[in-house]
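S.K.: Sharing work-v8.pdb, PDB, N, CA and C atoms:
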```pdb
ATOM      1  N   MET X   1      16.451  -4.483  21.448
ATOM      2  CA  MET X   1      15.466  -3.505  21.852
ATOM      3  C   MET X   1      14.203  -3.700  20.995
ATOM      4  N   ARG X   2      13.079  -3.639  21.598
ATOM      5  CA  ARG X   2      11.802  -3.845  20.930
ATOM      6  C   ARG X   2      11.375  -2.586  20.179
ATOM      7  N   ARG X   3      10.830  -2.780  18.992
ATOM      8  CA  ARG X   3      10.356  -1.652  18.189
ATOM      9  C   ARG X   3       8.927  -1.289  18.576
ATOM     10  N   SER X   4       8.619  -0.031  18.447
ATOM     11  CA  SER X   4       7.248   0.420  18.663
ATOM     12  C   SER X   4       6.429   0.104  17.410
ATOM     13  N   LYS X   5       5.127   0.214  17.526
ATOM     14  CA  LYS X   5       4.260  -0.003  16.360
ATOM     15  C   LYS X   5       4.600   0.993  15.257
ATOM     16  N   LEU X   6       4.835   2.219  15.640
ATOM     17  CA  LEU X   6       5.163   3.250  14.668
ATOM     18  C   LEU X   6       6.437   2.890  13.906
ATOM     19  N   GLU X   7       7.443   2.417  14.625
ATOM     20  CA  GLU X   7       8.693   2.015  13.974
ATOM     21  C   GLU X   7       8.462   0.846  13.012
ATOM     22  N   MET X   8       7.600  -0.097  13.399
ATOM     23  CA  MET X   8       7.289  -1.215  12.507
ATOM     24  C   MET X   8       6.567  -0.723  11.260
ATOM     25  N   TYR X   9       5.612   0.199  11.440
ATOM     26  CA  TYR X   9       4.898   0.751  10.294
ATOM     27  C   TYR X   9       5.877   1.414   9.323
ATOM     28  N   VAL X  10       6.789   2.201   9.863
ATOM     29  CA  VAL X  10       7.769   2.897   9.036
ATOM     30  C   VAL X  10       8.680   1.891   8.332
ATOM     31  N   ASP X  11       9.099   0.848   9.042
ATOM     32  CA  ASP X  11       9.949  -0.179   8.428
ATOM     33  C   ASP X  11       9.231  -0.880   7.274
ATOM     34  N   ILE X  12       7.965  -1.176   7.457
ATOM     35  CA  ILE X  12       7.177  -1.819   6.401
ATOM     36  C   ILE X  12       7.056  -0.884   5.197
ATOM     37  N   LEU X  13       6.773   0.385   5.450
ATOM     38  CA  LEU X  13       6.682   1.355   4.354
ATOM     39  C   LEU X  13       8.015   1.486   3.619
ATOM     40  N   LYS X  14       9.120   1.489   4.365
ATOM     41  CA  LYS X  14      10.449   1.570   3.746
ATOM     42  C   LYS X  14      10.701   0.388   2.824
ATOM     43  N   VAL X  15      10.383  -0.807   3.295
ATOM     44  CA  VAL X  15      10.590  -2.014   2.493
ATOM     45  C   VAL X  15       9.780  -1.933   1.206
ATOM     46  N   LEU X  16       8.521  -1.551   1.318
ATOM     47  CA  LEU X  16       7.670  -1.469   0.139
ATOM     48  C   LEU X  16       8.121  -0.365  -0.812
ATOM     49  N   ALA X  17       8.643   0.722  -0.270
ATOM     50  CA  ALA X  17       9.128   1.816  -1.118
ATOM     51  C   ALA X  17      10.406   1.415  -1.852
ATOM     52  N   GLN X  18      11.274   0.673  -1.183
ATOM     53  CA  GLN X  18      12.559   0.294  -1.775
ATOM     54  C   GLN X  18      12.440  -0.895  -2.725
ATOM     55  N   ARG X  19      11.608  -1.856  -2.386
ATOM     56  CA  ARG X  19      11.555  -3.117  -3.131
ATOM     57  C   ARG X  19      10.378  -3.234  -4.095
ATOM     58  N   GLY X  20       9.426  -2.324  -4.024
ATOM     59  CA  GLY X  20       8.253  -2.419  -4.887
ATOM     60  C   GLY X  20       7.228  -3.372  -4.325
ATOM     61  N   PRO X  21       6.209  -3.710  -5.097
ATOM     62  CA  PRO X  21       5.169  -4.621  -4.615
ATOM     63  C   PRO X  21       5.759  -5.975  -4.219
ATOM     64  N   LEU X  22       5.385  -6.451  -3.032
ATOM     65  CA  LEU X  22       5.923  -7.706  -2.503
ATOM     66  C   LEU X  22       4.822  -8.589  -1.943
ATOM     67  N   LYS X  23       5.085  -9.883  -1.968
ATOM     68  CA  LYS X  23       4.190 -10.836  -1.314
ATOM     69  C   LYS X  23       4.355 -10.705   0.202
ATOM     70  N   LEU X  24       3.373 -11.199   0.904
ATOM     71  CA  LEU X  24       3.361 -11.113   2.367
ATOM     72  C   LEU X  24       4.648 -11.664   2.979
ATOM     73  N   THR X  25       5.072 -12.831   2.549
ATOM     74  CA  THR X  25       6.264 -13.449   3.150
ATOM     75  C   THR X  25       7.519 -12.630   2.890
ATOM     76  N   HIS X  26       7.608 -12.007   1.717
ATOM     77  CA  HIS X  26       8.785 -11.196   1.429
ATOM     78  C   HIS X  26       8.823  -9.945   2.302
ATOM     79  N   VAL X  27       7.665  -9.340   2.512
ATOM     80  CA  VAL X  27       7.601  -8.183   3.418
ATOM     81  C   VAL X  27       7.991  -8.623   4.823
ATOM     82  N   MET X  28       7.497  -9.774   5.221
ATOM     83  CA  MET X  28       7.768 -10.305   6.561
ATOM     84  C   MET X  28       9.271 -10.443   6.808
ATOM     85  N   TYR X  29       9.982 -11.022   5.860
ATOM     86  CA  TYR X  29      11.423 -11.228   6.029
ATOM     87  C   TYR X  29      12.207  -9.926   5.929
ATOM     88  N   LYS X  30      11.852  -9.087   4.969
ATOM     89  CA  LYS X  30      12.611  -7.841   4.765
ATOM     90  C   LYS X  30      12.404  -6.848   5.913
ATOM     91  N   ALA X  31      11.185  -6.805   6.467
ATOM     92  CA  ALA X  31      10.892  -5.871   7.555
ATOM     93  C   ALA X  31      11.136  -6.485   8.932
ATOM     94  N   ASN X  32      11.438  -7.780   8.957
ATOM     95  CA  ASN X  32      11.705  -8.499  10.203
ATOM     96  C   ASN X  32      10.524  -8.395  11.181
ATOM     97  N   VAL X  33       9.350  -8.800  10.685
ATOM     98  CA  VAL X  33       8.126  -8.763  11.475
ATOM     99  C   VAL X  33       7.459 -10.131  11.363
ATOM    100  N   ASN X  34       6.927 -10.652  12.473
ATOM    101  CA  ASN X  34       6.264 -11.958  12.376
ATOM    102  C   ASN X  34       4.932 -11.836  11.629
ATOM    103  N   CYS X  35       4.443 -12.960  11.162
ATOM    104  CA  CYS X  35       3.296 -12.981  10.252
ATOM    105  C   CYS X  35       2.044 -12.343  10.853
ATOM    106  N   LYS X  36       1.720 -12.687  12.078
ATOM    107  CA  LYS X  36       0.506 -12.165  12.710
ATOM    108  C   LYS X  36       0.572 -10.644  12.846
ATOM    109  N   VAL X  37       1.691 -10.150  13.341
ATOM    110  CA  VAL X  37       1.868  -8.707  13.519
ATOM    111  C   VAL X  37       1.871  -8.001  12.168
ATOM    112  N   LEU X  38       2.493  -8.633  11.174
ATOM    113  CA  LEU X  38       2.534  -8.039   9.838
ATOM    114  C   LEU X  38       1.145  -7.911   9.242
ATOM    115  N   LYS X  39       0.325  -8.936   9.384
ATOM    116  CA  LYS X  39      -1.043  -8.876   8.852
ATOM    117  C   LYS X  39      -1.832  -7.747   9.508
ATOM    118  N   GLU X  40      -1.684  -7.616  10.823
ATOM    119  CA  GLU X  40      -2.367  -6.538  11.542
ATOM    120  C   GLU X  40      -1.857  -5.174  11.071
ATOM    121  N   SER X  41      -0.550  -5.069  10.895
ATOM    122  CA  SER X  41       0.058  -3.805  10.468
ATOM    123  C   SER X  41      -0.369  -3.443   9.049
ATOM    124  N   LEU X  42      -0.354  -4.424   8.152
ATOM    125  CA  LEU X  42      -0.779  -4.159   6.774
ATOM    126  C   LEU X  42      -2.251  -3.784   6.705
ATOM    127  N   ASP X  43      -3.057  -4.403   7.547
ATOM    128  CA  ASP X  43      -4.480  -4.050   7.615
ATOM    129  C   ASP X  43      -4.639  -2.594   8.039
ATOM    130  N   PHE X  44      -3.902  -2.192   9.071
ATOM    131  CA  PHE X  44      -3.953  -0.809   9.549
ATOM    132  C   PHE X  44      -3.465   0.156   8.468
ATOM    133  N   LEU X  45      -2.322  -0.161   7.864
ATOM    134  CA  LEU X  45      -1.755   0.718   6.838
ATOM    135  C   LEU X  45      -2.663   0.812   5.613
ATOM    136  N   THR X  46      -3.349  -0.269   5.292
ATOM    137  CA  THR X  46      -4.294  -0.265   4.177
ATOM    138  C   THR X  46      -5.494   0.624   4.486
ATOM    139  N   LYS X  47      -6.014   0.508   5.698
ATOM    140  CA  LYS X  47      -7.154   1.346   6.096
ATOM    141  C   LYS X  47      -6.791   2.829   6.114
ATOM    142  N   GLN X  48      -5.519   3.130   6.367
ATOM    143  CA  GLN X  48      -5.056   4.518   6.388
ATOM    144  C   GLN X  48      -4.737   5.033   4.985
ATOM    145  N   GLY X  49      -4.780   4.142   4.007
ATOM    146  CA  GLY X  49      -4.491   4.545   2.634
ATOM    147  C   GLY X  49      -3.010   4.647   2.318
ATOM    148  N   LEU X  50      -2.170   4.015   3.135
ATOM    149  CA  LEU X  50      -0.723   4.087   2.934
ATOM    150  C   LEU X  50      -0.181   2.903   2.140
ATOM    151  N   VAL X  51      -0.919   1.804   2.168
ATOM    152  CA  VAL X  51      -0.547   0.576   1.463
ATOM    153  C   VAL X  51      -1.786   0.072   0.754
ATOM    154  N   GLU X  52      -1.578  -0.584  -0.384
ATOM    155  CA  GLU X  52      -2.699  -1.186  -1.095
ATOM    156  C   GLU X  52      -2.377  -2.626  -1.464
ATOM    157  N   GLU X  53      -3.429  -3.436  -1.507
ATOM    158  CA  GLU X  53      -3.308  -4.823  -1.968
ATOM    159  C   GLU X  53      -3.525  -4.827  -3.466
ATOM    160  N   LYS X  54      -2.679  -5.555  -4.161
ATOM    161  CA  LYS X  54      -2.850  -5.708  -5.602
ATOM    162  C   LYS X  54      -2.901  -7.195  -5.914
ATOM    163  N   ILE X  55      -3.744  -7.535  -6.854
ATOM    164  CA  ILE X  55      -3.830  -8.934  -7.276
ATOM    165  C   ILE X  55      -3.165  -9.040  -8.644
ATOM    166  N   ILE X  56      -2.165  -9.912  -8.710
ATOM    167  CA  ILE X  56      -1.473 -10.133  -9.972
ATOM    168  C   ILE X  56      -1.642 -11.591 -10.373
ATOM    169  N   ARG X  57      -0.996 -11.998 -11.397
ATOM    170  CA  ARG X  57      -1.107 -13.350 -11.951
ATOM    171  C   ARG X  57      -1.696 -14.383 -11.006
ATOM    172  N   ARG X  58      -2.707 -15.066 -11.490
ATOM    173  CA  ARG X  58      -3.336 -16.191 -10.781
ATOM    174  C   ARG X  58      -3.752 -15.859  -9.349
ATOM    175  N   GLU X  59      -4.300 -14.708  -9.179
ATOM    176  CA  GLU X  59      -4.822 -14.291  -7.872
ATOM    177  C   GLU X  59      -3.768 -14.189  -6.781
ATOM    178  N   ARG X  60      -2.553 -13.919  -7.157
ATOM    179  CA  ARG X  60      -1.477 -13.733  -6.174
ATOM    180  C   ARG X  60      -1.577 -12.319  -5.611
ATOM    181  N   VAL X  61      -1.590 -12.189  -4.303
ATOM    182  CA  VAL X  61      -1.733 -10.891  -3.647
ATOM    183  C   VAL X  61      -0.350 -10.340  -3.304
ATOM    184  N   VAL X  62      -0.132  -9.100  -3.697
ATOM    185  CA  VAL X  62       1.085  -8.392  -3.310
ATOM    186  C   VAL X  62       0.675  -7.081  -2.654
ATOM    187  N   TYR X  63       1.599  -6.513  -1.904
ATOM    188  CA  TYR X  63       1.349  -5.249  -1.209
ATOM    189  C   TYR X  63       2.275  -4.185  -1.781
ATOM    190  N   ALA X  64       1.708  -3.004  -1.990
ATOM    191  CA  ALA X  64       2.466  -1.893  -2.561
ATOM    192  C   ALA X  64       2.174  -0.624  -1.770
ATOM    193  N   ILE X  65       3.171   0.231  -1.701
ATOM    194  CA  ILE X  65       2.999   1.514  -1.026
ATOM    195  C   ILE X  65       2.241   2.450  -1.966
ATOM    196  N   THR X  66       1.360   3.257  -1.418
ATOM    197  CA  THR X  66       0.608   4.226  -2.214
ATOM    198  C   THR X  66       1.369   5.546  -2.241
ATOM    199  N   GLN X  67       0.891   6.475  -3.051
ATOM    200  CA  GLN X  67       1.521   7.793  -3.087
ATOM    201  C   GLN X  67       1.419   8.468  -1.722
ATOM    202  N   ARG X  68       0.295   8.271  -1.050
ATOM    203  CA  ARG X  68       0.135   8.835   0.298
ATOM    204  C   ARG X  68       1.154   8.214   1.254
ATOM    205  N   GLY X  69       1.404   6.908   1.105
ATOM    206  CA  GLY X  69       2.408   6.237   1.931
ATOM    207  C   GLY X  69       3.801   6.786   1.692
ATOM    208  N   VAL X  70       4.123   7.069   0.429
ATOM    209  CA  VAL X  70       5.422   7.657   0.089
ATOM    210  C   VAL X  70       5.565   9.025   0.750
ATOM    211  N   THR X  71       4.486   9.805   0.721
ATOM    212  CA  THR X  71       4.501  11.132   1.339
ATOM    213  C   THR X  71       4.708  11.028   2.845
ATOM    214  N   VAL X  72       3.990  10.109   3.488
ATOM    215  CA  VAL X  72       4.133   9.921   4.938
ATOM    216  C   VAL X  72       5.556   9.477   5.279
ATOM    217  N   LEU X  73       6.100   8.567   4.497
ATOM    218  CA  LEU X  73       7.472   8.095   4.715
ATOM    219  C   LEU X  73       8.466   9.242   4.577
ATOM    220  N   LYS X  74       8.236  10.112   3.612
ATOM    221  CA  LYS X  74       9.093  11.287   3.416
ATOM    222  C   LYS X  74       9.051  12.190   4.658
ATOM    223  N   TYR X  75       7.843  12.389   5.207
ATOM    224  CA  TYR X  75       7.716  13.219   6.404
ATOM    225  C   TYR X  75       8.448  12.605   7.591
ATOM    226  N   PHE X  76       8.397  11.281   7.736
ATOM    227  CA  PHE X  76       9.110  10.628   8.827
ATOM    228  C   PHE X  76      10.619  10.784   8.670
ATOM    229  N   ARG X  77      11.103  10.681   7.443
ATOM    230  CA  ARG X  77      12.547  10.861   7.205
ATOM    231  C   ARG X  77      12.974  12.279   7.559
ATOM    232  N   GLU X  78      12.166  13.267   7.162
ATOM    233  CA  GLU X  78      12.475  14.660   7.480
ATOM    234  C   GLU X  78      12.448  14.890   8.984
ATOM    235  N   LEU X  79      11.467  14.305   9.649
ATOM    236  CA  LEU X  79      11.358  14.447  11.094
ATOM    237  C   LEU X  79      12.568  13.832  11.797
ATOM    238  N   LYS X  80      13.009  12.686  11.305
ATOM    239  CA  LYS X  80      14.161  12.017  11.900
ATOM    240  C   LYS X  80      15.425  12.866  11.762
ATOM    241  N   GLU X  81      15.554  13.589  10.637
ATOM    242  CA  GLU X  81      16.696  14.471  10.446
ATOM    243  C   GLU X  81      16.652  15.661  11.387
ATOM    244  N   VAL X  82      15.467  16.219  11.578
ATOM    245  CA  VAL X  82      15.314  17.410  12.410
ATOM    246  C   VAL X  82      15.419  17.068  13.892
ATOM    247  N   LEU X  83      14.821  15.948  14.288
ATOM    248  CA  LEU X  83      14.816  15.535  15.687
ATOM    249  C   LEU X  83      15.480  14.169  15.832
ATOM    250  N   PRO X  84      16.804  14.127  15.816
ATOM    251  CA  PRO X  84      17.454  12.820  15.937
ATOM    252  C   PRO X  84      17.106  12.173  17.280
ATOM    253  N   ILE X  85      16.731  10.923  17.208
ATOM    254  CA  ILE X  85      16.346  10.195  18.411
ATOM    255  C   ILE X  85      17.589   9.542  18.988
ATOM    256  N   VAL X  86      17.876   9.871  20.246
ATOM    257  CA  VAL X  86      19.025   9.303  20.930
ATOM    258  C   VAL X  86      18.514   8.160  21.792
ATOM    259  N   GLU X  87      19.066   6.980  21.563
ATOM    260  CA  GLU X  87      18.647   5.837  22.361
ATOM    261  C   GLU X  87      19.260   5.936  23.752
ATOM    262  N   GLU X  88      18.429   5.665  24.728
ATOM    263  CA  GLU X  88      18.905   5.684  26.103
ATOM    264  C   GLU X  88      19.520   4.336  26.435
ATOM    265  N   THR X  89      20.610   4.382  27.163
ATOM    266  CA  THR X  89      21.204   3.144  27.643
ATOM    267  C   THR X  89      20.933   3.040  29.125
ATOM    268  N   LYS X  90      21.224   1.893  29.684
ATOM    269  CA  LYS X  90      20.943   1.669  31.101
ATOM    270  C   LYS X  90      21.749   2.613  31.996
ATOM    271  N   ASN X  91      22.911   3.049  31.526
ATOM    272  CA  ASN X  91      23.781   3.872  32.346
ATOM    273  C   ASN X  91      23.428   5.360  32.267
ATOM    274  N   GLN X  92      22.649   5.745  31.274
ATOM    275  CA  GLN X  92      22.308   7.145  31.130
ATOM    276  C   GLN X  92      21.068   7.485  31.940
ATOM    277  N   VAL X  93      21.094   8.662  32.518
ATOM    278  CA  VAL X  93      19.932   9.175  33.235
ATOM    279  C   VAL X  93      19.260  10.192  32.334
ATOM    280  N   PRO X  94      17.982  10.015  32.025
ATOM    281  CA  PRO X  94      17.310  10.978  31.139
ATOM    282  C   PRO X  94      17.227  12.355  31.813
ATOM    283  N   TYR X  95      17.432  13.384  31.003
ATOM    284  CA  TYR X  95      17.341  14.750  31.497
ATOM    285  C   TYR X  95      15.885  15.187  31.529
ATOM    286  N   LEU X  96      15.534  15.909  32.567
ATOM    287  CA  LEU X  96      14.163  16.382  32.708
ATOM    288  C   LEU X  96      13.973  17.721  32.023
ATOM    289  N   PHE X  97      15.043  18.468  31.815
ATOM    290  CA  PHE X  97      14.946  19.794  31.220
ATOM    291  C   PHE X  97      15.732  19.882  29.957
TER
END
```
What do you get writing this file as structure tokens?

M.R.:
Amino acid sequence: MRRSKLEMYVDILKVLAQRGPLKLTHVMYKANVNCKVLKESLDFLTKQGLVEEKIIRRERVVYAITQRGVTVLKYFRELKEVLPIVEETKNQVPYLF
């Protein structure tokens, strides 16, 4: 099943929250996102103030979650607990009411 952009954003934030600052390739493998999509996602998350680029030894770029990103991730976890998402299967008919 294909993930939505929102699900990818949340997965990227989770990886950064759990693993700390990571290089692009490490985020790519841990979040299971291809390079092009990951760059676009990190750009979006950076503009939103949820992720930041850090330069460490010898101009190596790593990505880290910001405090705002941690807060947003916390809200998504709480929302998931309150409103569990049930995946629809081909045999199920969605209820209208």

S.K.: Quick one, how far is atom C of Ala64 in chain X from atom C of Gln48 in chain X?

M.R.: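 It comes out at 11.2 Å.
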
S.K.: List the spatial neighbours of range 1-14 of chain X as a PDB file with N, CA and C atoms, in the frame of the given file - criterion: any atom at most 8 Å away, only N, CA and C atoms, same-chain residues fewer than 2 positions off excluded.

M.R.:
```pdb
ATOM      1  N   LEU X  16       8.521  -1.551   1.318  1.00  0.00           N
ATOM      2  CA  LEU X  16       7.670  -1.469   0.139  1.00  0.00           C
ATOM      3  C   LEU X  16       8.121  -0.365  -0.812  1.00  0.00           C
ATOM      4  N   ALA X  17       8.643   0.722  -0.270  1.00  0.00           N
ATOM      5  CA  ALA X  17       9.128   1.816  -1.118  1.00  0.00           C
ATOM      6  C   ALA X  17      10.406   1.415  -1.852  1.00  0.00           C
ATOM      7  N   GLN X  18      11.274   0.673  -1.183  1.00  0.00           N
ATOM      8  CA  GLN X  18      12.559   0.294  -1.775  1.00  0.00           C
ATOM      9  C   GLN X  18      12.440  -0.895  -2.725  1.00  0.00           C
ATOM     10  N   ARG X  19      11.608  -1.856  -2.386  1.00  0.00           N
ATOM     11  CA  ARG X  19      11.555  -3.117  -3.131  1.00  0.00           C
ATOM     12  C   ARG X  19      10.378  -3.234  -4.095  1.00  0.00           C
ATOM     13  N   GLY X  20       9.426  -2.324  -4.024  1.00  0.00           N
ATOM     14  CA  GLY X  20       8.253  -2.419  -4.887  1.00  0.00           C
ATOM     15  C   GLY X  20       7.228  -3.372  -4.325  1.00  0.00           C
ATOM     16  N   VAL X  27       7.665  -9.340   2.512  1.00  0.00           N
ATOM     17  CA  VAL X  27       7.601  -8.183   3.418  1.00  0.00           C
ATOM     18  C   VAL X  27       7.991  -8.623   4.823  1.00  0.00           C
ATOM     19  N   LYS X  30      11.852  -9.087   4.969  1.00  0.00           N
ATOM     20  CA  LYS X  30      12.611  -7.841   4.765  1.00  0.00           C
ATOM     21  C   LYS X  30      12.404  -6.848   5.913  1.00  0.00           C
ATOM     22  N   ALA X  31      11.185  -6.805   6.467  1.00  0.00           N
ATOM     23  CA  ALA X  31      10.892  -5.871   7.555  1.00  0.00           C
ATOM     24  C   ALA X  31      11.136  -6.485   8.932  1.00  0.00           C
ATOM     25  N   ASN X  32      11.438  -7.780   8.957  1.00  0.00           N
ATOM     26  CA  ASN X  32      11.705  -8.499  10.203  1.00  0.00           C
ATOM     27  C   ASN X  32      10.524  -8.395  11.181  1.00  0.00           C
ATOM     28  N   VAL X  33       9.350  -8.800  10.685  1.00  0.00           N
ATOM     29  CA  VAL X  33       8.126  -8.763  11.475  1.00  0.00           C
ATOM     30  C   VAL X  33       7.459 -10.131  11.363  1.00  0.00           C
ATOM     31  N   SER X  41      -0.550  -5.069  10.895  1.00  0.00           N
ATOM     32  CA  SER X  41       0.058  -3.805  10.468  1.00  0.00           C
ATOM     33  C   SER X  41      -0.369  -3.443   9.049  1.00  0.00           C
ATOM     34  N   LEU X  42      -0.354  -4.424   8.152  1.00  0.00           N
ATOM     35  CA  LEU X  42      -0.779  -4.159   6.774  1.00  0.00           C
ATOM     36  C   LEU X  42      -2.251  -3.784   6.705  1.00  0.00           C
ATOM     37  N   LEU X  45      -2.322  -0.161   7.864  1.00  0.00           N
ATOM     38  CA  LEU X  45      -1.755   0.718   6.838  1.00  0.00           C
ATOM     39  C   LEU X  45      -2.663   0.812   5.613  1.00  0.00           C
ATOM     40  N   LEU X  50      -2.170   4.015   3.135  1.00  0.00           N
ATOM     41  CA  LEU X  50      -0.723   4.087   2.934  1.00  0.00           C
ATOM     42  C   LEU X  50      -0.181   2.903   2.140  1.00  0.00           C
ATOM     43  N   VAL X  51      -0.919   1.804   2.168  1.00  0.00           N
ATOM     44  CA  VAL X  51      -0.547   0.576   1.463  1.00  0.00           C
ATOM     45  C   VAL X  51      -1.786   0.072   0.754  1.00  0.00           C
ATOM     46  N   ALA X  64       1.708  -3.004  -1.990  1.00  0.00           N
ATOM     47  CA  ALA X  64       2.466  -1.893  -2.561  1.00  0.00           C
ATOM     48  C   ALA X  64       2.174  -0.624  -1.770  1.00  0.00           C
ATOM     49  N   ILE X  65       3.171   0.231  -1.701  1.00  0.00           N
ATOM     50  CA  ILE X  65       2.999   1.514  -1.026  1.00  0.00           C
ATOM     51  C   ILE X  65       2.241   2.450  -1.966  1.00  0.00           C
ATOM     52  N   GLY X  69       1.404   6.908   1.105  1.00  0.00           N
ATOM     53  CA  GLY X  69       2.408   6.237   1.931  1.00  0.00           C
ATOM     54  C   GLY X  69       3.801   6.786   1.692  1.00  0.00           C
ATOM     55  N   VAL X  70       4.123   7.069   0.429  1.00  0.00           N
ATOM     56  CA  VAL X  70       5.422   7.657   0.089  1.00  0.00           C
ATOM     57  C   VAL X  70       5.565   9.025   0.750  1.00  0.00           C
ATOM     58  N   VAL X  72       3.990  10.109   3.488  1.00  0.00           N
ATOM     59  CA  VAL X  72       4.133   9.921   4.938  1.00  0.00           C
ATOM     60  C   VAL X  72       5.556   9.477   5.279  1.00  0.00           C
ATOM     61  N   LEU X  73       6.100   8.567   4.497  1.00  0.00           N
ATOM     62  CA  LEU X  73       7.472   8.095   4.715  1.00  0.00           C
ATOM     63  C   LEU X  73       8.466   9.242   4.577  1.00  0.00           C
ATOM     64  N   PHE X  76       8.397  11.281   7.736  1.00  0.00           N
ATOM     65  CA  PHE X  76       9.110  10.628   8.827  1.00  0.00           C
ATOM     66  C   PHE X  76      10.619  10.784   8.670  1.00  0.00           C
TER      67      PHE X  76
END
```

S.K.: Emit as lines of an AutoDock Vina configuration file the padded axis-aligned box for all listed atoms of range 38-41 of chain X, 4 Å per side, with centre and edge lengths in Å to one decimal.

M.R.:
```
center_x = 0.1
center_y = -6.2
center_z = 10.2
size_x = 12.9
size_y = 13.5
size_z = 10.7
```

S.K.: What is the distance between atom N of Glu59 in chain X and atom C of Val15 in chain X, in Å to one decimal?

M.R.: 21.7 Å

S.K.: Within chain X, find each residue whose DSSP state, derived from the backbone, is strand (DSSP E or B), and express the selection as number ranges by chain.

M.R.: X: 22, 51-56, 60-65

S.K.: Between X:Lys80, X:Pro21, X:Arg58, X:Tyr63, which one has atoms that come closest to Asp43 in chain X, using only C-alpha atoms?

M.R.: X:Tyr63

S.K.: What does the structure give for the distance between atom N of Thr66 in chain X and atom C of Lys47 in chain X, in Å to one decimal?

M.R.: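 Interatomic distance here is 11.1 Å.
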
S.K.: If the PyMOL selection byres ((chain X and resi 24) around 8) were run on this exact file, what residues would it hold? Put them as a VMD selection string.

M.R.: chain X and resid 21 to 23 25 to 30 35 38 to 39 61 to 63

S.K.: Would you return as an MDAnalysis selection string the members of chain X that DSSP assigns to helix (DSSP H, G or I) on this structure's backbone?

M.R.: chainID X and resid 5:19 24:31 35:47 67:82
